[in-house]
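Visitor: query.csv (CSV, C-alpha atoms and all ligand atoms) pasted underneath:
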chain,number,residue,atom,x,y,z
A,196,MET,CA,55.4,72.0,-0.6
A,197,SER,CA,51.7,72.4,-1.5
A,198,THR,CA,51.0,69.4,-3.8
A,199,ASP,CA,48.3,71.0,-5.9
A,200,LEU,CA,50.5,74.1,-6.7
A,201,GLU,CA,51.8,74.3,-10.3
A,202,ILE,CA,55.1,76.3,-10.7
A,203,VAL,CA,56.1,77.7,-14.1
A,204,LYS,CA,59.6,79.2,-13.7
A,205,ASN,CA,60.5,82.4,-15.5
A,206,THR,CA,63.5,81.8,-17.7
A,207,ASN,CA,64.0,85.5,-18.4
A,208,LEU,CA,65.0,86.9,-14.9
A,209,LYS,CA,65.1,90.7,-14.4
A,210,ALA,CA,68.1,92.5,-12.9
A,211,LYS,CA,67.6,93.3,-9.2
A,212,PRO,CA,67.3,97.0,-8.5
A,213,GLU,CA,70.1,98.9,-6.8
A,214,LYS,CA,69.6,98.8,-3.0
A,215,ASP,CA,69.2,102.6,-2.8
A,216,GLN,CA,66.7,102.6,-5.7
A,217,LEU,CA,63.6,101.1,-4.2
A,218,PRO,CA,60.7,103.5,-4.7
A,219,PHE,CA,57.6,102.1,-3.1
A,220,GLY,CA,55.6,99.7,-5.3
A,221,ARG,CA,57.1,100.3,-8.7
A,222,THR,CA,59.4,97.3,-9.1
A,223,PHE,CA,58.0,93.7,-9.1
A,224,THR,CA,59.7,90.3,-8.9
A,225,ASP,CA,60.0,87.6,-11.5
A,226,HIS,CA,57.0,85.6,-10.5
A,227,MET,CA,53.4,86.0,-9.3
A,228,PHE,CA,50.8,83.7,-7.7
A,229,VAL,CA,47.4,83.3,-9.4
A,230,MET,CA,44.3,81.2,-8.5
A,231,ASP,CA,40.8,81.3,-10.0
A,232,TYR,CA,37.3,81.0,-8.6
A,233,GLU,CA,34.1,80.0,-10.2
A,234,THR,CA,30.7,79.5,-8.5
A,235,GLY,CA,30.0,75.8,-8.0
A,236,LYS,CA,33.7,74.9,-8.5
A,237,GLY,CA,35.4,77.0,-5.8
A,238,TRP,CA,39.0,78.2,-5.9
A,239,TYR,CA,41.0,76.2,-8.4
A,240,GLU,CA,44.3,76.0,-10.3
A,241,PRO,CA,46.7,77.6,-7.8
A,242,ARG,CA,49.9,78.5,-9.8
A,243,ILE,CA,53.1,80.4,-9.6
A,244,ILE,CA,53.9,81.8,-13.0
A,245,PRO,CA,56.2,84.5,-14.5
A,246,TYR,CA,55.1,88.0,-13.6
A,247,GLU,CA,53.2,89.2,-16.6
A,248,PRO,CA,50.2,91.4,-17.6
A,249,ILE,CA,46.8,89.7,-17.4
A,250,THR,CA,44.0,89.8,-19.9
A,251,LEU,CA,40.5,90.7,-18.8
A,252,ASP,CA,37.2,91.2,-20.6
A,253,PRO,CA,36.3,94.9,-20.8
A,254,ALA,CA,33.1,94.0,-19.1
A,255,ALA,CA,34.9,92.4,-16.1
A,256,MET,CA,33.0,93.4,-13.0
A,257,ILE,CA,36.1,94.8,-11.2
A,258,PHE,CA,36.1,97.7,-13.7
A,259,HIS,CA,32.5,98.7,-13.1
A,260,TYR,CA,31.5,98.3,-9.5
A,261,GLY,CA,34.8,97.9,-7.8
A,262,GLN,CA,34.3,94.4,-6.3
A,263,THR,CA,37.9,93.9,-5.0
A,264,VAL,CA,39.9,93.5,-1.8
A,265,PHE,CA,43.6,93.6,-1.0
A,266,GLU,CA,46.2,93.0,1.7
A,267,GLY,CA,49.6,94.4,2.5
A,268,LEU,CA,52.4,92.7,4.5
A,269,LYS,CA,56.2,92.6,4.4
A,270,ALA,CA,58.9,89.9,4.3
A,271,TYR,CA,62.2,90.8,6.1
A,272,ARG,CA,65.6,89.4,5.7
A,273,ALA,CA,66.9,87.9,9.0
A,274,ASN,CA,70.1,86.0,9.8
A,275,ASP,CA,68.5,82.6,9.5
A,276,GLY,CA,65.9,83.1,6.8
A,277,ILE,CA,63.1,85.3,5.6
A,278,LEU,CA,60.6,86.5,8.2
A,279,LEU,CA,56.9,87.3,7.7
A,280,PHE,CA,55.2,89.3,10.5
A,281,ARG,CA,51.8,87.8,11.6
A,282,PRO,CA,50.8,86.8,8.0
A,283,ASP,CA,47.9,84.7,9.4
A,284,LYS,CA,46.3,88.0,10.5
A,285,ASN,CA,46.5,89.4,6.9
A,286,LEU,CA,44.8,86.4,5.4
A,287,GLU,CA,42.2,86.5,8.2
A,288,ARG,CA,41.6,90.1,7.4
A,289,LEU,CA,41.4,89.4,3.6
A,290,ASN,CA,38.5,87.2,4.3
A,291,LEU,CA,36.9,89.8,6.6
A,292,SER,CA,37.2,92.3,3.7
A,293,SER,CA,35.9,89.8,1.2
A,294,GLU,CA,32.8,89.1,3.3
A,295,ARG,CA,32.0,92.8,3.3
A,296,LEU,CA,32.4,92.9,-0.5
A,297,SER,CA,30.4,89.7,-1.1
A,298,ILE,CA,33.6,87.9,-2.4
A,299,PRO,CA,33.9,84.2,-1.6
A,300,PRO,CA,36.3,83.3,1.2
A,301,ILE,CA,39.7,81.7,0.7
A,302,ASP,CA,41.1,78.8,2.7
A,303,GLU,CA,43.6,80.7,4.8
A,304,GLU,CA,45.9,77.8,5.5
A,305,ARG,CA,46.1,76.7,1.9
A,306,VAL,CA,46.8,80.3,0.7
A,307,MET,CA,49.4,80.6,3.5
A,308,GLY,CA,51.2,77.6,1.9
A,309,TYR,CA,51.2,79.2,-1.6
A,310,LEU,CA,52.3,82.6,-0.2
A,311,LYS,CA,55.3,80.9,1.5
A,312,GLU,CA,56.2,79.0,-1.7
A,313,LEU,CA,56.1,82.2,-3.7
A,314,ILE,CA,58.4,84.0,-1.2
A,315,HIS,CA,60.7,81.0,-1.0
A,316,LEU,CA,61.0,81.1,-4.8
A,317,GLU,CA,61.7,84.8,-4.8
A,318,GLN,CA,63.9,85.0,-1.7
A,319,ASP,CA,66.8,86.6,-3.6
A,320,TRP,CA,64.5,89.6,-4.1
A,321,VAL,CA,64.2,90.3,-0.3
A,322,PRO,CA,66.6,93.2,0.2
A,323,SER,CA,69.0,93.2,3.1
A,324,THR,CA,69.8,96.9,3.8
A,325,PRO,CA,68.3,98.0,7.2
A,326,GLY,CA,64.8,99.3,6.8
A,327,THR,CA,64.2,97.6,3.4
A,328,SER,CA,61.8,94.6,2.8
A,329,LEU,CA,59.8,92.7,0.2
A,330,TYR,CA,56.3,94.1,0.2
A,331,VAL,CA,53.6,91.4,-0.4
A,332,ARG,CA,50.4,92.4,-2.0
A,333,PRO,CA,47.6,89.7,-2.1
A,334,TYR,CA,44.4,90.8,-3.8
A,335,ILE,CA,41.2,89.5,-5.3
A,336,ILE,CA,39.3,90.9,-8.3
A,337,ALA,CA,35.9,90.1,-9.8
A,338,THR,CA,36.4,88.9,-13.4
A,339,GLU,CA,33.0,87.9,-14.7
A,340,PRO,CA,32.1,89.9,-17.9
A,341,ASN,CA,28.7,91.1,-16.8
A,342,LEU,CA,27.3,94.6,-16.2
A,343,SER,CA,24.7,93.5,-13.7
A,344,VAL,CA,25.0,95.2,-10.3
A,345,ALA,CA,25.5,91.9,-8.4
A,346,PRO,CA,28.4,89.8,-7.1
A,347,SER,CA,30.6,88.2,-9.8
A,348,ASN,CA,30.6,84.5,-10.3
A,349,THR,CA,34.3,84.4,-11.1
A,350,TYR,CA,37.4,85.9,-9.4
A,351,LYS,CA,41.1,85.9,-9.4
A,352,LEU,CA,43.3,85.9,-6.3
A,353,MET,CA,46.8,87.2,-7.1
A,354,ILE,CA,49.9,87.8,-5.1
A,355,ILE,CA,52.6,90.1,-6.4
A,356,LEU,CA,55.9,91.1,-4.6
A,357,SER,CA,57.8,94.4,-4.6
A,358,PRO,CA,61.1,95.1,-3.0
A,359,VAL,CA,60.7,98.4,-1.0
A,360,GLY,CA,63.1,100.8,0.6
A,361,SER,CA,63.2,102.3,4.0
A,362,TYR,CA,60.1,104.4,4.8
A,363,PHE,CA,62.2,106.9,6.7
A,364,SER,CA,65.4,107.3,4.8
A,365,GLY,CA,66.9,109.7,7.4
A,366,GLY,CA,65.7,107.8,10.5
A,367,LEU,CA,62.3,108.3,12.2
A,368,THR,CA,61.0,111.7,11.5
A,369,PRO,CA,57.8,113.2,13.0
A,370,VAL,CA,55.3,114.3,10.3
A,371,LYS,CA,52.7,117.0,10.0
A,372,ILE,CA,49.1,115.7,9.6
A,373,SER,CA,46.1,117.6,8.4
A,374,VAL,CA,42.7,116.9,10.2
A,375,GLU,CA,40.1,116.7,7.4
A,376,ASP,CA,37.0,118.6,8.2
A,377,LYS,CA,35.1,118.4,4.9
A,378,PHE,CA,35.6,115.0,3.2
A,379,THR,CA,34.6,111.7,4.7
A,380,ARG,CA,36.5,108.4,4.4
A,381,ALA,CA,34.0,106.0,5.9
A,382,VAL,CA,30.9,105.8,8.1
A,383,LYS,CA,29.6,103.1,10.4
A,384,GLY,CA,27.9,100.5,8.2
A,385,GLY,CA,30.0,101.4,5.2
A,386,THR,CA,33.2,99.7,4.0
A,387,GLY,CA,35.8,101.5,6.2
A,388,MET,CA,36.9,98.3,7.9
A,389,ALA,CA,37.5,96.6,4.6
A,390,LYS,CA,40.7,97.0,2.6
A,391,THR,CA,38.9,97.7,-0.6
A,392,ALA,CA,39.9,99.9,-3.6
A,393,GLY,CA,37.2,102.6,-3.3
A,394,ASN,CA,38.2,103.7,0.2
A,395,TYR,CA,41.5,104.9,-1.1
A,396,SER,CA,40.8,106.6,-4.4
A,397,SER,CA,38.0,108.5,-2.7
A,398,ALA,CA,40.6,110.0,-0.3
A,399,TYR,CA,42.9,111.5,-3.1
A,400,GLN,CA,41.1,114.9,-3.0
A,401,ALA,CA,41.6,115.3,0.7
A,402,GLN,CA,45.2,114.0,0.4
A,403,ALA,CA,46.0,116.6,-2.3
A,404,LYS,CA,44.6,119.4,-0.1
A,405,ALA,CA,46.8,118.2,2.8
A,406,TYR,CA,50.0,117.9,0.7
A,407,LYS,CA,49.5,121.4,-0.6
A,408,ASP,CA,49.9,122.8,2.9
A,409,GLY,CA,53.0,120.6,3.6
A,410,ASN,CA,51.2,117.8,5.5
A,411,ALA,CA,52.3,114.2,5.0
A,412,ASP,CA,48.8,112.8,5.3
A,413,VAL,CA,45.2,113.3,6.4
A,414,LEU,CA,43.6,112.4,9.8
A,415,TRP,CA,40.0,111.4,9.3
A,416,LEU,CA,37.2,112.3,11.6
A,417,ASP,CA,34.0,110.4,11.9
A,418,GLY,CA,31.6,110.9,9.0
A,419,VAL,CA,28.6,112.0,11.0
A,420,GLU,CA,29.7,114.6,13.5
A,421,LYS,CA,33.2,115.3,12.1
A,422,ARG,CA,34.2,115.2,15.8
A,423,TYR,CA,35.7,111.9,16.7
A,424,ILE,CA,39.2,110.7,15.5
A,425,GLU,CA,39.2,107.7,13.1
A,426,GLU,CA,42.5,107.1,11.5
A,427,VAL,CA,45.2,108.4,9.0
A,428,GLY,CA,45.3,107.5,5.3
A,429,SER,CA,46.7,104.0,5.7
A,430,MET,CA,47.6,104.1,9.4
A,431,ASN,CA,45.8,103.8,12.7
A,432,ILE,CA,46.5,106.5,15.2
A,433,PHE,CA,47.6,106.5,18.9
A,434,PHE,CA,47.9,109.3,21.4
A,435,LYS,CA,49.8,109.4,24.7
A,436,ILE,CA,48.0,111.5,27.2
A,437,ASN,CA,49.2,111.9,30.8
A,438,GLY,CA,51.1,108.7,30.7
A,439,GLU,CA,48.1,106.7,29.2
A,440,VAL,CA,47.9,105.5,25.6
A,441,VAL,CA,44.6,106.0,23.8
A,442,THR,CA,43.5,104.9,20.4
A,443,PRO,CA,40.1,105.1,18.7
A,444,GLU,CA,38.0,102.0,19.3
A,445,LEU,CA,37.2,99.7,16.3
A,446,ASN,CA,33.7,101.1,15.5
A,447,GLY,CA,33.0,99.5,12.1
A,448,SER,CA,34.5,102.3,10.0
A,449,ILE,CA,38.2,102.0,11.1
A,450,LEU,CA,40.6,99.4,9.5
A,451,HIS,CA,41.6,96.7,11.9
A,452,GLY,CA,45.3,97.3,11.7
A,453,ILE,CA,47.7,94.5,12.6
A,454,THR,CA,50.4,96.9,13.7
A,455,ARG,CA,47.7,98.6,15.9
A,456,MET,CA,46.8,95.2,17.4
A,457,SER,CA,50.5,94.5,18.0
A,458,VAL,CA,51.1,97.9,19.6
A,459,ILE,CA,48.2,97.3,22.0
A,460,GLU,CA,49.5,93.8,22.9
A,461,LEU,CA,53.0,95.1,23.5
A,462,LEU,CA,51.8,98.0,25.7
A,463,LYS,CA,49.7,95.6,27.8
A,464,LYS,CA,52.8,93.3,28.2
A,465,TRP,CA,54.8,96.3,29.3
A,466,GLY,CA,52.2,97.4,31.8
A,467,ILE,CA,51.5,100.7,30.1
A,468,PRO,CA,47.8,101.6,30.3
A,469,VAL,CA,46.2,101.5,26.9
A,470,THR,CA,42.5,102.3,26.2
A,471,GLU,CA,40.4,101.9,23.1
A,472,ARG,CA,37.8,104.6,23.2
A,473,LYS,CA,36.2,107.5,21.3
A,474,VAL,CA,38.7,110.4,21.1
A,475,SER,CA,37.3,113.8,20.0
A,476,ILE,CA,39.4,116.4,18.2
A,477,ASP,CA,38.2,119.0,20.8
A,478,GLU,CA,39.6,116.8,23.5
A,479,LEU,CA,43.0,116.6,21.7
A,480,HIS,CA,42.9,120.4,21.2
A,481,GLN,CA,42.3,121.1,24.9
A,482,LEU,CA,45.0,118.6,26.0
A,483,SER,CA,47.4,120.2,23.5
A,484,GLU,CA,46.7,123.7,25.0
A,485,LYS,CA,47.4,122.3,28.4
A,486,GLY,CA,50.6,120.6,27.3
A,487,GLN,CA,49.1,117.1,28.1
A,488,LEU,CA,49.2,115.7,24.6
A,489,GLU,CA,52.6,114.0,25.1
A,490,GLU,CA,52.9,111.9,21.9
A,491,ALA,CA,51.0,110.9,18.8
A,492,PHE,CA,52.0,108.2,16.3
A,493,GLY,CA,50.5,106.4,13.4
A,494,THR,CA,50.8,102.6,13.0
A,495,GLY,CA,50.8,100.5,9.8
A,496,THR,CA,52.8,98.0,7.8
A,497,ALA,CA,54.4,100.7,5.6
A,498,ALA,CA,56.0,102.9,8.3
A,499,VAL,CA,55.5,100.6,11.3
A,500,ILE,CA,55.5,103.6,13.7
A,501,SER,CA,55.2,107.1,12.3
A,502,PRO,CA,55.6,109.8,15.0
A,503,VAL,CA,53.3,112.8,14.5
A,504,GLY,CA,54.8,116.2,15.3
A,505,GLU,CA,52.0,118.5,14.3
A,506,LEU,CA,48.2,118.3,13.8
A,507,ASN,CA,46.6,121.0,11.7
A,508,TRP,CA,42.8,121.3,12.3
A,509,ALA,CA,40.6,124.2,11.1
A,510,GLY,CA,43.4,126.8,11.3
A,511,GLU,CA,44.6,125.5,14.7
A,512,LYS,CA,48.1,124.1,14.9
A,513,MET,CA,48.8,121.5,17.6
A,514,ILE,CA,52.5,120.9,18.1
A,515,ILE,CA,53.3,117.6,19.7
A,516,ASN,CA,56.4,117.0,21.8
A,517,ASN,CA,58.1,119.9,20.2
A,518,HIS,CA,58.2,118.1,16.8
A,519,GLU,CA,60.5,115.5,18.4
A,520,ILE,CA,60.2,111.7,18.5
A,521,GLY,CA,58.5,110.6,21.7
A,522,GLU,CA,60.3,108.0,23.9
A,523,LEU,CA,57.4,105.5,23.6
A,524,SER,CA,57.1,105.9,19.8
A,525,GLN,CA,60.8,105.2,19.5
A,526,LYS,CA,60.6,102.2,21.8
A,527,LEU,CA,57.6,100.7,19.9
A,528,TYR,CA,59.4,101.3,16.6
A,529,ASP,CA,62.6,99.6,17.8
A,530,THR,CA,60.8,96.7,19.4
A,531,ILE,CA,58.5,95.9,16.5
A,532,THR,CA,61.1,96.3,13.8
A,533,GLY,CA,63.5,94.3,16.0
A,534,ILE,CA,61.1,91.4,16.1
A,535,GLN,CA,60.3,91.7,12.4
A,536,THR,CA,63.9,91.4,11.4
A,537,GLY,CA,64.8,88.7,13.9
A,538,LYS,CA,67.1,91.0,16.0
A,539,LEU,CA,64.9,90.8,19.1
A,540,GLU,CA,63.4,87.7,20.7
A,541,ASP,CA,59.9,87.0,19.3
A,542,SER,CA,58.3,85.9,22.6
A,543,GLN,CA,54.8,86.3,21.2
A,544,ASN,CA,55.5,84.0,18.2
A,545,TRP,CA,54.5,86.7,15.8
A,546,THR,CA,57.0,85.8,13.0
A,547,VAL,CA,56.9,83.0,10.5
A,548,THR,CA,60.2,81.9,9.1
A,549,ILE,CA,60.7,80.9,5.4
A,550,LYS,CA,63.8,78.9,4.8
B,1,LIG,C1,46.3,98.8,5.9
B,1,LIG,C2,45.7,100.0,6.7
B,1,LIG,C3,46.0,100.3,8.0
B,1,LIG,C4,47.2,99.6,8.7
B,1,LIG,O1,47.0,98.2,8.9
B,1,LIG,P1,48.3,97.3,9.2
B,1,LIG,O2,47.7,96.0,9.2
B,1,LIG,O3,48.8,97.8,10.5
B,1,LIG,O4,49.2,97.5,8.0
B,1,LIG,C5,45.3,101.3,8.6
B,1,LIG,N1,44.4,102.0,8.0
B,1,LIG,C6,44.0,101.7,6.7
B,1,LIG,C7,43.0,102.5,6.1
B,1,LIG,C8,44.7,100.7,6.0
B,1,LIG,O5,44.4,100.5,4.7
Here is the file; what I need is its structure written in the form of structure tokens.

Guide:
Amino acid sequence: MSTDLEIVKNTNLKAKPEKDQLPFGRTFTDHMFVMDYETGKGWYEPRIIPYEPITLDPAAMIFHYGQTVFEGLKAYRANDGILLFRPDKNLERLNLSSERLSIPPIDEERVMGYLKELIHLEQDWVPSTPGTSLYVRPYIIATEPNLSVAPSNTYKLMIILSPVGSYFSGGLTPVKISVEDKFTRAVKGGTGMAKTAGNYSSAYQAQAKAYKDGNADVLWLDGVEKRYIEEVGSMNIFFKINGEVVTPELNGSILHGITRMSVIELLKKWGIPVTERKVSIDELHQLSEKGQLEEAFGTGTAAVISPVGELNWAGEKMIINNHEIGELSQKLYDTITGIQTGKLEDSQNWTVTIK
């Protein structure tokens, strides 16, 4: 147990949701983690307290210039405890995002200890139905009341937990994705590689356009030439072309996905060629015409692997694998979810057990 951690137990526990009633991110557990920061003092007063609204000054800097970062990971119920999937990578990335947003870094090991304590306390909230999990949302907000356009001198790190249902209620289903040719998500030198609020709200207009035509999400192109593939809303993207797997290289505007990293590591272990490089939409279109675009799938914590059955780009429809789940997509999904839930051997030591 982390000795400096204060725990205030909630005496008014909520009823757990029905297991088939777990809409994403709308139900929260009984407790939350909070820690404050002040320039000169550092991070202080780590505490687990009852989940409750917080009070902020209307001038708090988060409201005005969006100085904030977040993370997303999941806790899964396994036979001998609760498993987290590569949580060290999430805290490492939180610090990477913070650096970009001029937010002071956290001590990753210390926060890992608090995170485990919180999940241990809330373990009854980790659902057990296949496909379900407890979503973990760490985030930092700037709290100083000050309208200056400058980094805040005070922050709050919070961690909240939300039980979530299966992303694919009827099993893996290939989705339709719209290739966005007008709006831009990120450019090199911008904030695309940081998990920060503004990257997401600025995508809603493109999302709405995509949904209207029956697409599940947007595939972003590079902001300069609108030619090279970047990623999907909250997923990285992979293509299988003539037996080789290809994914856009990390170029400064793409999020460094932990599922992406895990897929690359697994493919290498399996001896399947995988290349990180620039992929243009024209190249994909030509391959699709020739029948050489064998599979496409998104990767991210929410869906793990999301097969793509159709890409819609400037009036062109590229149908992939006849709208069916590719063999490799299925194998990656089964392997990663198997490791996450303790059903398959974790030879890479990716999971952390909470007992
Ligand atoms: C979170 C996120 C991803 C996926 O990252 P994982 O670590 O695999 O969950 C990809 N793209 C964006 C824009 C994201 O926010």

Visitor: Mind dumping a table of every chain A residue within 6 Å of ligand LIG 1 (chain B), with the nearest atom pair and its distance in Å to one decimal, using only C-alpha atoms and all ligand atoms, sorted by chain and rising number, as a Markdown table?

Guide:
| residue | atom | partner | partner_atom | distance |
| --- | --- | --- | --- | --- |
| A:Lys390 | CA | B:LIG1 | O5 | 5.5 |
| A:Gly428 | CA | B:LIG1 | C7 | 5.6 |
| A:Ser429 | CA | B:LIG1 | C6 | 3.7 |
| A:Met430 | CA | B:LIG1 | C5 | 3.7 |
| A:Asn431 | CA | B:LIG1 | C5 | 4.8 |
| A:Leu450 | CA | B:LIG1 | N1 | 4.8 |
| A:Gly452 | CA | B:LIG1 | O1 | 3.4 |
| A:Ile453 | CA | B:LIG1 | O2 | 3.7 |
| A:Thr454 | CA | B:LIG1 | O3 | 3.7 |
| A:Arg455 | CA | B:LIG1 | O3 | 5.6 |
| A:Thr494 | CA | B:LIG1 | O3 | 5.8 |
| A:Gly495 | CA | B:LIG1 | O3 | 3.4 |
| A:Thr496 | CA | B:LIG1 | O4 | 3.6 |

Visitor: What's around Asn205 (chain A) at 9 Å? Count only C-alpha atoms, leave out sequence neighbours fewer than 5 positions away in its own chain, and write the answer as a ChimeraX atom specification.

Guide: /A:225-226,244-246

Visitor: So which one's closest to Leu356 (chain A), A:Ser373, A:Asn285, A:Thr442, A:Thr224? Using all atoms listed in the file, please.

Guide: A:Thr224

Visitor: Counting all atoms listed in the file, which residue out of A:Gly276, A:Gly237, A:Gly261, A:Gly447 sits closest to Thr391 (chain A)?

Guide: A:Gly261

Visitor: Taking 6 positions as the minimum chain separation for residues in the same chain, which residues sit within 6 Å of region 263-266 of chain A when counting only C-alpha atoms? Answer as a PyMOL selection string.

Guide: chain A and resi 332-336+390-391

Visitor: Quick one: residues within 7 Å of region 412-416 of chain A, only C-alpha atoms counted, chain neighbours fewer than 3 positions away excluded, as a PyMOL selection string?

Guide: chain A and resi 372-375+380+402+405-406+421-428

Visitor: One number please: CA of Leu488 (chain A) to CA of Leu461 (chain A), in Å, one decimal.

Guide: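 Atom-to-atom, CA of Leu488 (chain A) and CA of Leu461 (chain A) are spaced 21.0 Å apart.
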
Visitor: Counting all atoms listed in the file, which residue out of A:Gly385, A:Gly493, A:Gly521, A:Pro340 sits closest to Gly438 (chain A)?

Guide: A:Gly521

Visitor: Find the distance between CA of Trp545 (chain A) and CA of Phe223 (chain A) and write it in Å to one decimal.

Guide: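 Distance reported for this atom pair: 26.1 Å.
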